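Just structure28.cif here, mmCIF, C-alpha atoms, pLDDT in the B column; chains and numbers go by the auth columns:
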data_final
#
loop_
_atom_site.group_PDB
_atom_site.id
_atom_site.type_symbol
_atom_site.label_atom_id
_atom_site.label_comp_id
_atom_site.label_asym_id
_atom_site.label_seq_id
_atom_site.Cartn_x
_atom_site.Cartn_y
_atom_site.Cartn_z
_atom_site.B_iso_or_equiv
_atom_site.auth_seq_id
_atom_site.auth_asym_id
ATOM 1 C CA MET A 1 -19.362 6.735 6.558 70.00 1 A
ATOM 2 C CA LYS A 2 -20.621 3.209 5.825 85.00 2 A
ATOM 3 C CA LEU A 3 -19.055 3.243 2.346 86.00 3 A
ATOM 4 C CA GLU A 4 -15.778 4.467 3.782 88.00 4 A
ATOM 5 C CA ARG A 5 -15.772 1.915 6.602 91.00 5 A
ATOM 6 C CA TRP A 6 -16.756 -1.167 4.636 93.00 6 A
ATOM 7 C CA SER A 7 -14.628 -0.464 1.576 96.00 7 A
ATOM 8 C CA GLY A 8 -11.600 0.010 3.848 96.00 8 A
ATOM 9 C CA LEU A 9 -12.242 -3.097 5.954 96.00 9 A
ATOM 10 C CA LEU A 10 -13.060 -5.322 2.992 97.00 10 A
ATOM 11 C CA GLY A 11 -10.145 -4.006 0.948 97.00 11 A
ATOM 12 C CA VAL A 12 -7.616 -4.712 3.701 98.00 12 A
ATOM 13 C CA GLY A 13 -9.241 -8.054 4.538 98.00 13 A
ATOM 14 C CA VAL A 14 -9.168 -9.345 0.955 98.00 14 A
ATOM 15 C CA ILE A 15 -5.561 -8.265 0.392 98.00 15 A
ATOM 16 C CA VAL A 16 -4.293 -9.737 3.688 98.00 16 A
ATOM 17 C CA ALA A 17 -6.188 -12.994 3.111 98.00 17 A
ATOM 18 C CA GLY A 18 -4.563 -13.323 -0.318 98.00 18 A
ATOM 19 C CA GLN A 19 -1.136 -12.677 1.173 98.00 19 A
ATOM 20 C CA LEU A 20 -1.588 -15.269 3.921 98.00 20 A
ATOM 21 C CA ILE A 21 -2.910 -17.986 1.602 98.00 21 A
ATOM 22 C CA ALA A 22 -0.066 -17.450 -0.862 98.00 22 A
ATOM 23 C CA ALA A 23 2.585 -17.301 1.888 97.00 23 A
ATOM 24 C CA LEU A 24 1.455 -20.547 3.535 97.00 24 A
ATOM 25 C CA ALA A 25 1.518 -22.438 0.226 97.00 25 A
ATOM 26 C CA TYR A 26 4.776 -20.900 -1.032 96.00 26 A
ATOM 27 C CA ARG A 27 7.858 -22.936 -1.879 94.00 27 A
ATOM 28 C CA GLY A 28 10.585 -20.988 -3.629 90.00 28 A
ATOM 29 C CA ARG A 29 13.146 -21.803 -6.272 86.00 29 A
ATOM 30 C CA LEU A 30 15.327 -23.600 -3.721 87.00 30 A
ATOM 31 C CA GLY A 31 12.370 -25.224 -1.969 89.00 31 A
ATOM 32 C CA GLU A 32 12.385 -22.630 0.794 91.00 32 A
ATOM 33 C CA ALA A 33 9.319 -21.471 2.683 94.00 33 A
ATOM 34 C CA TYR A 34 8.242 -17.864 2.335 96.00 34 A
ATOM 35 C CA SER A 35 9.710 -15.353 4.767 95.00 35 A
ATOM 36 C CA PRO A 36 8.963 -11.610 4.774 95.00 36 A
ATOM 37 C CA PHE A 37 12.499 -11.133 6.078 95.00 37 A
ATOM 38 C CA ASN A 38 14.123 -12.148 2.786 91.00 38 A
ATOM 39 C CA HIS A 39 11.376 -12.378 0.153 93.00 39 A
ATOM 40 C CA PHE A 40 9.750 -9.473 -1.639 93.00 40 A
ATOM 41 C CA VAL A 41 6.002 -8.973 -1.389 95.00 41 A
ATOM 42 C CA SER A 42 5.403 -9.540 -5.105 93.00 42 A
ATOM 43 C CA GLU A 43 7.111 -12.931 -5.041 94.00 43 A
ATOM 44 C CA LEU A 44 3.858 -14.237 -3.581 97.00 44 A
ATOM 45 C CA GLY A 45 2.227 -13.537 -6.945 96.00 45 A
ATOM 46 C CA GLU A 46 4.922 -14.977 -9.207 93.00 46 A
ATOM 47 C CA ARG A 47 3.208 -17.679 -11.244 92.00 47 A
ATOM 48 C CA GLY A 48 5.302 -20.822 -11.700 87.00 48 A
ATOM 49 C CA VAL A 49 7.074 -20.262 -8.368 92.00 49 A
ATOM 50 C CA SER A 50 4.325 -19.308 -5.919 94.00 50 A
ATOM 51 C CA GLN A 51 1.901 -22.225 -5.744 95.00 51 A
ATOM 52 C CA ALA A 52 -1.004 -19.977 -4.715 97.00 52 A
ATOM 53 C CA ALA A 53 -0.104 -16.940 -6.800 97.00 53 A
ATOM 54 C CA TRP A 54 -3.780 -16.725 -7.745 97.00 54 A
ATOM 55 C CA ALA A 55 -4.642 -15.812 -4.146 98.00 55 A
ATOM 56 C CA PHE A 56 -2.151 -12.947 -3.914 98.00 56 A
ATOM 57 C CA ASN A 57 -2.912 -11.535 -7.356 97.00 57 A
ATOM 58 C CA GLY A 58 -6.651 -12.001 -6.884 98.00 58 A
ATOM 59 C CA GLY A 59 -6.463 -10.226 -3.531 98.00 59 A
ATOM 60 C CA LEU A 60 -4.925 -7.184 -5.199 98.00 60 A
ATOM 61 C CA LEU A 61 -7.385 -7.262 -8.097 98.00 61 A
ATOM 62 C CA LEU A 62 -10.338 -7.309 -5.684 97.00 62 A
ATOM 63 C CA GLY A 63 -8.924 -5.332 -2.767 97.00 63 A
ATOM 64 C CA GLY A 64 -7.269 -2.598 -4.828 97.00 64 A
ATOM 65 C CA PRO A 65 -10.531 -1.188 -6.233 97.00 65 A
ATOM 66 C CA LEU A 66 -12.077 -1.332 -2.760 97.00 66 A
ATOM 67 C CA LEU A 67 -9.224 0.777 -1.417 97.00 67 A
ATOM 68 C CA CYS A 68 -9.717 3.194 -4.326 97.00 68 A
ATOM 69 C CA VAL A 69 -13.310 3.633 -3.125 97.00 69 A
ATOM 70 C CA PHE A 70 -12.023 4.127 0.428 97.00 70 A
ATOM 71 C CA MET A 71 -9.554 6.806 -0.677 97.00 71 A
ATOM 72 C CA LEU A 72 -12.198 8.706 -2.637 96.00 72 A
ATOM 73 C CA ALA A 73 -14.717 8.477 0.238 94.00 73 A
ATOM 74 C CA LEU A 74 -12.060 9.779 2.624 94.00 74 A
ATOM 75 C CA ALA A 75 -11.207 12.616 0.234 95.00 75 A
ATOM 76 C CA ARG A 76 -14.839 13.753 0.315 92.00 76 A
ATOM 77 C CA ARG A 77 -14.447 14.531 4.029 89.00 77 A
ATOM 78 C CA MET A 78 -11.787 17.135 3.299 91.00 78 A
ATOM 79 C CA ARG A 79 -12.295 20.637 2.028 87.00 79 A
ATOM 80 C CA LEU A 80 -12.500 21.004 -1.721 87.00 80 A
ATOM 81 C CA LEU A 81 -8.886 21.619 -2.767 91.00 81 A
ATOM 82 C CA PRO A 82 -7.213 19.277 -0.241 92.00 82 A
ATOM 83 C CA GLY A 83 -9.858 16.681 -1.049 94.00 83 A
ATOM 84 C CA LEU A 84 -9.202 16.875 -4.775 96.00 84 A
ATOM 85 C CA ALA A 85 -5.446 16.551 -4.256 96.00 85 A
ATOM 86 C CA PHE A 86 -5.718 13.631 -1.836 97.00 86 A
ATOM 87 C CA GLY A 87 -8.353 11.935 -3.986 97.00 87 A
ATOM 88 C CA ALA A 88 -6.042 12.054 -7.018 97.00 88 A
ATOM 89 C CA LEU A 89 -3.072 10.701 -5.051 97.00 89 A
ATOM 90 C CA GLY A 90 -5.133 8.016 -3.300 97.00 90 A
ATOM 91 C CA LEU A 91 -6.732 6.896 -6.554 97.00 91 A
ATOM 92 C CA ALA A 92 -3.335 6.687 -8.276 97.00 92 A
ATOM 93 C CA CYS A 93 -1.958 4.631 -5.385 97.00 93 A
ATOM 94 C CA GLY A 94 -4.937 2.253 -5.346 97.00 94 A
ATOM 95 C CA LEU A 95 -4.931 1.766 -9.121 97.00 95 A
ATOM 96 C CA SER A 96 -1.185 1.142 -9.152 97.00 96 A
ATOM 97 C CA GLY A 97 -1.564 -1.508 -6.456 96.00 97 A
ATOM 98 C CA THR A 98 -4.358 -3.143 -8.426 97.00 98 A
ATOM 99 C CA LEU A 99 -2.208 -3.244 -11.565 97.00 99 A
ATOM 100 C CA VAL A 100 0.621 -4.861 -9.607 96.00 100 A
ATOM 101 C CA GLY A 101 -1.769 -7.794 -9.232 95.00 101 A
ATOM 102 C CA ALA A 102 -2.676 -7.651 -12.926 96.00 102 A
ATOM 103 C CA THR A 103 1.015 -7.756 -13.989 95.00 103 A
ATOM 104 C CA PRO A 104 2.780 -10.294 -11.735 93.00 104 A
ATOM 105 C CA MET A 105 6.557 -10.725 -11.596 89.00 105 A
ATOM 106 C CA ASP A 106 6.381 -13.113 -14.556 86.00 106 A
ATOM 107 C CA ASP A 107 6.018 -9.961 -16.678 86.00 107 A
ATOM 108 C CA LEU A 108 8.847 -8.239 -14.877 83.00 108 A
ATOM 109 C CA LEU A 109 9.398 -4.853 -16.529 85.00 109 A
ATOM 110 C CA PRO A 110 5.764 -3.633 -16.396 90.00 110 A
ATOM 111 C CA HIS A 111 5.489 -5.160 -12.929 91.00 111 A
ATOM 112 C CA ILE A 112 8.416 -3.089 -11.664 88.00 112 A
ATOM 113 C CA ALA A 113 6.980 0.025 -13.302 91.00 113 A
ATOM 114 C CA TRP A 114 3.602 -0.373 -11.575 94.00 114 A
ATOM 115 C CA ALA A 115 5.234 -1.275 -8.261 94.00 115 A
ATOM 116 C CA ARG A 116 7.324 1.900 -8.413 93.00 116 A
ATOM 117 C CA ARG A 117 4.217 3.958 -9.097 95.00 117 A
ATOM 118 C CA PHE A 118 2.509 2.349 -6.111 97.00 118 A
ATOM 119 C CA PHE A 119 5.316 3.211 -3.712 96.00 119 A
ATOM 120 C CA ASN A 120 5.858 6.718 -5.086 96.00 120 A
ATOM 121 C CA THR A 121 2.164 7.662 -5.054 98.00 121 A
ATOM 122 C CA GLY A 122 1.682 5.881 -1.719 97.00 122 A
ATOM 123 C CA PHE A 123 4.415 8.008 -0.173 98.00 123 A
ATOM 124 C CA ALA A 124 2.903 11.193 -1.623 98.00 124 A
ATOM 125 C CA ALA A 125 -0.617 10.270 -0.452 98.00 125 A
ATOM 126 C CA MET A 126 0.502 9.430 3.093 98.00 126 A
ATOM 127 C CA LEU A 127 2.592 12.594 3.376 98.00 127 A
ATOM 128 C CA PHE A 128 -0.278 14.767 2.137 97.00 128 A
ATOM 129 C CA PHE A 129 -2.773 13.065 4.469 97.00 129 A
ATOM 130 C CA THR A 130 -0.452 13.579 7.441 97.00 130 A
ATOM 131 C CA LEU A 131 -0.129 17.288 6.671 95.00 131 A
ATOM 132 C CA VAL A 132 -3.924 17.619 6.347 94.00 132 A
ATOM 133 C CA ALA A 133 -4.365 15.855 9.701 94.00 133 A
ATOM 134 C CA LEU A 134 -1.828 18.148 11.364 94.00 134 A
ATOM 135 C CA VAL A 135 -3.755 21.200 10.148 90.00 135 A
ATOM 136 C CA GLY A 136 -6.734 19.739 11.992 80.00 136 A
ATOM 137 C CA ARG A 137 -9.430 21.867 10.362 78.00 137 A
ATOM 138 C CA TRP A 138 -9.865 20.319 6.918 81.00 138 A
ATOM 139 C CA GLY A 139 -12.116 17.454 7.997 84.00 139 A
ATOM 140 C CA ILE A 140 -9.446 15.038 9.286 91.00 140 A
ATOM 141 C CA ALA A 141 -8.709 14.587 12.986 90.00 141 A
ATOM 142 C CA ARG A 142 -5.254 15.490 14.279 92.00 142 A
ATOM 143 C CA ARG A 143 -5.089 12.136 16.063 93.00 143 A
ATOM 144 C CA LEU A 144 -4.715 10.455 12.655 95.00 144 A
ATOM 145 C CA ALA A 145 -1.444 12.271 11.997 95.00 145 A
ATOM 146 C CA ALA A 146 0.376 9.528 13.954 96.00 146 A
ATOM 147 C CA PRO A 147 -0.605 6.542 11.740 96.00 147 A
ATOM 148 C CA GLY A 148 -0.164 8.782 8.697 97.00 148 A
ATOM 149 C CA LEU A 149 3.353 9.687 9.805 97.00 149 A
ATOM 150 C CA ILE A 150 4.224 6.020 10.421 98.00 150 A
ATOM 151 C CA ALA A 151 3.066 5.090 6.921 98.00 151 A
ATOM 152 C CA THR A 152 4.920 8.060 5.402 98.00 152 A
ATOM 153 C CA ALA A 153 8.136 7.081 7.181 98.00 153 A
ATOM 154 C CA ALA A 154 7.800 3.445 6.077 97.00 154 A
ATOM 155 C CA PHE A 155 7.385 4.440 2.415 98.00 155 A
ATOM 156 C CA ALA A 156 10.278 6.906 2.662 97.00 156 A
ATOM 157 C CA ALA A 157 12.554 4.280 4.217 96.00 157 A
ATOM 158 C CA PHE A 158 11.824 1.791 1.448 95.00 158 A
ATOM 159 C CA LEU A 159 12.314 4.358 -1.316 94.00 159 A
ATOM 160 C CA ALA A 160 15.588 5.554 0.235 93.00 160 A
ATOM 161 C CA ILE A 161 17.447 2.241 0.290 86.00 161 A
ATOM 162 C CA PRO A 162 19.220 0.865 -2.806 74.00 162 A
ATOM 163 C CA GLN A 163 16.881 -1.488 -4.651 64.00 163 A
ATOM 164 C CA PRO A 164 18.265 -4.734 -6.103 55.00 164 A
ATOM 165 C CA LEU A 165 15.721 -4.437 -8.933 52.00 165 A
ATOM 166 C CA GLY A 166 16.313 -0.744 -9.386 46.00 166 A
ATOM 167 C CA GLU A 167 18.115 -0.601 -12.724 48.00 167 A
ATOM 168 C CA LEU A 168 15.945 -1.157 -15.787 45.00 168 A
ATOM 169 C CA GLY A 169 18.839 -1.077 -18.237 47.00 169 A
ATOM 170 C CA GLY A 170 20.855 -4.080 -19.424 46.00 170 A
ATOM 171 C CA ASP A 171 19.779 -7.687 -19.172 50.00 171 A
ATOM 172 C CA ILE A 172 17.540 -7.175 -16.158 47.00 172 A
ATOM 173 C CA LEU A 173 15.640 -10.438 -16.636 49.00 173 A
ATOM 174 C CA ALA A 174 18.795 -12.533 -16.382 48.00 174 A
ATOM 175 C CA SER A 175 20.243 -10.529 -13.483 52.00 175 A
ATOM 176 C CA VAL A 176 17.035 -10.592 -11.432 56.00 176 A
ATOM 177 C CA GLY A 177 16.526 -14.301 -12.061 58.00 177 A
ATOM 178 C CA ALA A 178 20.062 -15.058 -10.885 59.00 178 A
ATOM 179 C CA ARG A 179 19.669 -12.899 -7.776 63.00 179 A
ATOM 180 C CA LEU A 180 16.352 -14.454 -6.716 66.00 180 A
ATOM 181 C CA ALA A 181 17.565 -18.007 -7.377 64.00 181 A
ATOM 182 C CA ALA A 182 20.669 -17.575 -5.200 68.00 182 A
ATOM 183 C CA PRO A 183 20.674 -18.413 -1.466 74.00 183 A
ATOM 184 C CA ARG A 184 19.426 -15.399 0.483 80.00 184 A
ATOM 185 C CA PRO A 185 20.601 -13.788 3.690 86.00 185 A
ATOM 186 C CA LEU A 186 18.343 -14.384 6.680 89.00 186 A
ATOM 187 C CA LEU A 187 17.644 -10.648 6.764 91.00 187 A
ATOM 188 C CA TRP A 188 17.447 -8.871 3.392 88.00 188 A
ATOM 189 C CA MET A 189 16.727 -5.235 4.132 90.00 189 A
ATOM 190 C CA PRO A 190 15.076 -4.229 0.817 88.00 190 A
ATOM 191 C CA ALA A 191 12.492 -6.985 1.331 92.00 191 A
ATOM 192 C CA VAL A 192 11.978 -6.063 4.990 95.00 192 A
ATOM 193 C CA PHE A 193 11.427 -2.385 4.222 95.00 193 A
ATOM 194 C CA GLU A 194 9.080 -3.219 1.370 95.00 194 A
ATOM 195 C CA TRP A 195 6.945 -5.295 3.728 97.00 195 A
ATOM 196 C CA LEU A 196 7.000 -2.525 6.336 97.00 196 A
ATOM 197 C CA ALA A 197 5.668 -0.030 3.773 97.00 197 A
ATOM 198 C CA VAL A 198 2.867 -2.358 2.643 97.00 198 A
ATOM 199 C CA LEU A 199 1.827 -3.249 6.198 97.00 199 A
ATOM 200 C CA ALA A 200 2.026 0.403 7.276 98.00 200 A
ATOM 201 C CA VAL A 201 -0.410 1.590 4.608 98.00 201 A
ATOM 202 C CA LEU A 202 -2.825 -1.266 5.370 98.00 202 A
ATOM 203 C CA GLY A 203 -2.545 -0.403 9.069 97.00 203 A
ATOM 204 C CA TRP A 204 -3.219 3.233 8.249 97.00 204 A
ATOM 205 C CA VAL A 205 -6.469 2.251 6.501 97.00 205 A
ATOM 206 C CA LEU A 206 -7.556 0.297 9.584 97.00 206 A
ATOM 207 C CA ALA A 207 -6.623 3.210 11.857 96.00 207 A
ATOM 208 C CA VAL A 208 -8.748 5.629 9.826 95.00 208 A
ATOM 209 C CA VAL A 209 -11.676 3.200 9.849 94.00 209 A
ATOM 210 C CA LEU A 210 -11.485 2.284 13.536 92.00 210 A
ATOM 211 C CA ILE A 211 -10.549 5.675 14.986 90.00 211 A
ATOM 212 C CA GLY A 212 -12.723 7.695 12.633 84.00 212 A
ATOM 213 C CA PRO A 213 -11.499 10.487 10.348 80.00 213 A
ATOM 214 C CA ALA A 214 -13.736 13.326 11.534 76.00 214 A
ATOM 215 C CA SER A 215 -11.884 16.200 13.126 65.00 215 A
ATOM 216 C CA GLY A 216 -14.611 16.814 15.632 50.00 216 A
ATOM 217 C CA ARG A 217 -14.308 20.530 15.045 48.00 217 A
ATOM 218 C CA ARG A 218 -17.596 22.226 15.735 41.00 218 A
ATOM 219 C CA ALA A 219 -18.853 25.274 13.990 36.00 219 A
ATOM 220 C CA THR A 220 -18.941 28.419 16.080 37.00 220 A
ATOM 221 C CA PRO A 221 -22.540 28.869 17.262 39.00 221 A
ATOM 222 C CA THR A 222 -24.313 31.940 16.016 37.00 222 A
ATOM 223 C CA ALA A 223 -25.889 34.356 18.412 42.00 223 A
ATOM 224 C CA SER A 224 -29.616 33.900 18.852 39.00 224 A
ATOM 225 C CA PRO A 225 -31.761 36.864 17.809 42.00 225 A
ATOM 226 C CA GLN A 226 -32.739 39.143 20.616 38.00 226 A
#
Encoded form (structure tokens):
Amino acid sequence: MKLERWSGLLGVGVIVAGQLIAALAYRGRLGEAYSPFNHFVSELGERGVSQAAWAFNGGLLLGGPLLCVFMLALARRMRLLPGLAFGALGLACGLSGTLVGATPMDDLLPHIAWARRFFNTGFAAMLFFTLVALVGRWGIARRLAAPGLIATAAFAAFLAIPQPLGELGGDILASVGARLAAPRPLLWMPAVFEWLAVLAVLGWVLAVVLIGPASGRRATPTASPQ
């Protein structure tokens, strides 16, 4: 339980600290301050634009492995087969998030590839966890189905909307650069939904840590010998 608790808390803390430091220092291509309402999460780590990109990328490089440990520790609480499945999905999600920090937006094509893997595996992990929690007898409390469902819905909403960086064909570097350098709407829904997905999964980690994952199901007592 200590490994699960501290890896989760430290992982979220390091990642959020990196985000905040980078956001406060950020000045964009047009001199604008950072806003989660019209800037993508990964723009905080774009070297040459984000003045504290080191903080965002470093937060992922340190916090990602901690969340991998958290996912694996949580998987150990489940029965064997559900635990193996969730452990694989959670590890893939955590590693993908770590590699997003290792390949910032400056290296755009591999960055997009790792970001897609993060959101796809994150959705799968949150959906699977929610189903395990709803079963209520595989080591995870039913009360954790609610934060799991919120995180699942946030990932699904982001994956469902058209992505401005979605097409990898053609001259993507030129088209993305032109789009990000142009004046932005005050509310850019792809960026908003991306932030909601990231915050939802970090909130889910905190919910598991603070509420506790144990189902509380007690074994049926055996009859005492007469």
Excluding Arg5 (chain A) and residues on its chain fewer than 6 positions from it, collect all residues at most 10 Å away from it, counting all atoms listed in the file, and give them as an MDAnalysis selection string. chainID A and resid 11 70 73:74 205:206 208:210 212
Could you tell me which residues the PyMOL selection byres ((chain A and resi 17) around 12) returns for this structure, as a tab-separated table (two decimals) with C-alpha atoms, keeping the file's coordinate frame?
chain	number	residue	atom	x	y	z
A	9	LEU	CA	-12.24	-3.10	5.95
A	10	LEU	CA	-13.06	-5.32	2.99
A	11	GLY	CA	-10.14	-4.01	0.95
A	12	VAL	CA	-7.62	-4.71	3.70
A	13	GLY	CA	-9.24	-8.05	4.54
A	14	VAL	CA	-9.17	-9.35	0.96
A	15	ILE	CA	-5.56	-8.26	0.39
A	16	VAL	CA	-4.29	-9.74	3.69
A	18	GLY	CA	-4.56	-13.32	-0.32
A	19	GLN	CA	-1.14	-12.68	1.17
A	20	LEU	CA	-1.59	-15.27	3.92
A	21	ILE	CA	-2.91	-17.99	1.60
A	22	ALA	CA	-0.07	-17.45	-0.86
A	23	ALA	CA	2.58	-17.30	1.89
A	24	LEU	CA	1.46	-20.55	3.54
A	52	ALA	CA	-1.00	-19.98	-4.72
A	54	TRP	CA	-3.78	-16.73	-7.74
A	55	ALA	CA	-4.64	-15.81	-4.15
A	56	PHE	CA	-2.15	-12.95	-3.91
A	57	ASN	CA	-2.91	-11.54	-7.36
A	58	GLY	CA	-6.65	-12.00	-6.88
A	59	GLY	CA	-6.46	-10.23	-3.53
A	60	LEU	CA	-4.92	-7.18	-5.20
A	62	LEU	CA	-10.34	-7.31	-5.68
A	63	GLY	CA	-8.92	-5.33	-2.77
Distance in Å - CA of Phe155 (chain A) versus CA of Ile112 (chain A):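 Separating CA of Phe155 (chain A) from CA of Ile112 (chain A) is a distance of 16.0 Å.
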For Val198 (chain A), the closest of A:Ile150, A:Ile211, A:Ala33, A:Ile140 counting all atoms listed in the file is A:Ile150
What's around region 90-107 of chain A at 10 Å? Count all atoms listed in the file, leave out sequence neighbours fewer than 4 positions away in its own chain, and write the answer as a PyMOL selection string. chain A and resi 42-49+53-72+74-75+84-86+111-126+128-129+173
From the options A:Pro185, A:Pro110, A:Gly139, A:Gly28, which residue's atoms come nearest to Leu81 (chain A), counting only C-alpha atoms?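 For Leu81 (chain A), the nearest of the given residues is A:Gly139.
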Between CA of Arg27 (chain A) and CA of Ser50 (chain A) lies a distance of 6.5 Å
Could you work out how far CA of Pro147 (chain A) lies from CA of Ala207 (chain A), giving the answer in Å with one decimal?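 That distance, rounded to one decimal, is 6.9 Å.
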Selected residue of minimal separation from Arg142 (chain A) among A:Ala156, A:Leu187, A:Ala25, A:Ala214, counting all atoms listed in the file: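 Once distances to Arg142 (chain A) are computed over all atoms listed in the file, the minimum belongs to A:Ala214.
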A:Ala151, A:Ala133, A:Met189, A:Val201: which is nearest Arg77 (chain A), counting all atoms listed in the file?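 Counting all atoms listed in the file, the residue closest to Arg77 (chain A) is A:Ala133.
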Which is closer to Leu149 (chain A) than all the others in A:Leu109, A:Val192, A:Val135, A:Ala200, using all atoms listed in the file? A:Ala200
Find the residue from A:Leu144, A:Met78, A:Leu131, A:Leu108 that sits nearest to Gly203 (chain A); use all atoms listed in the file when measuring. A:Leu144
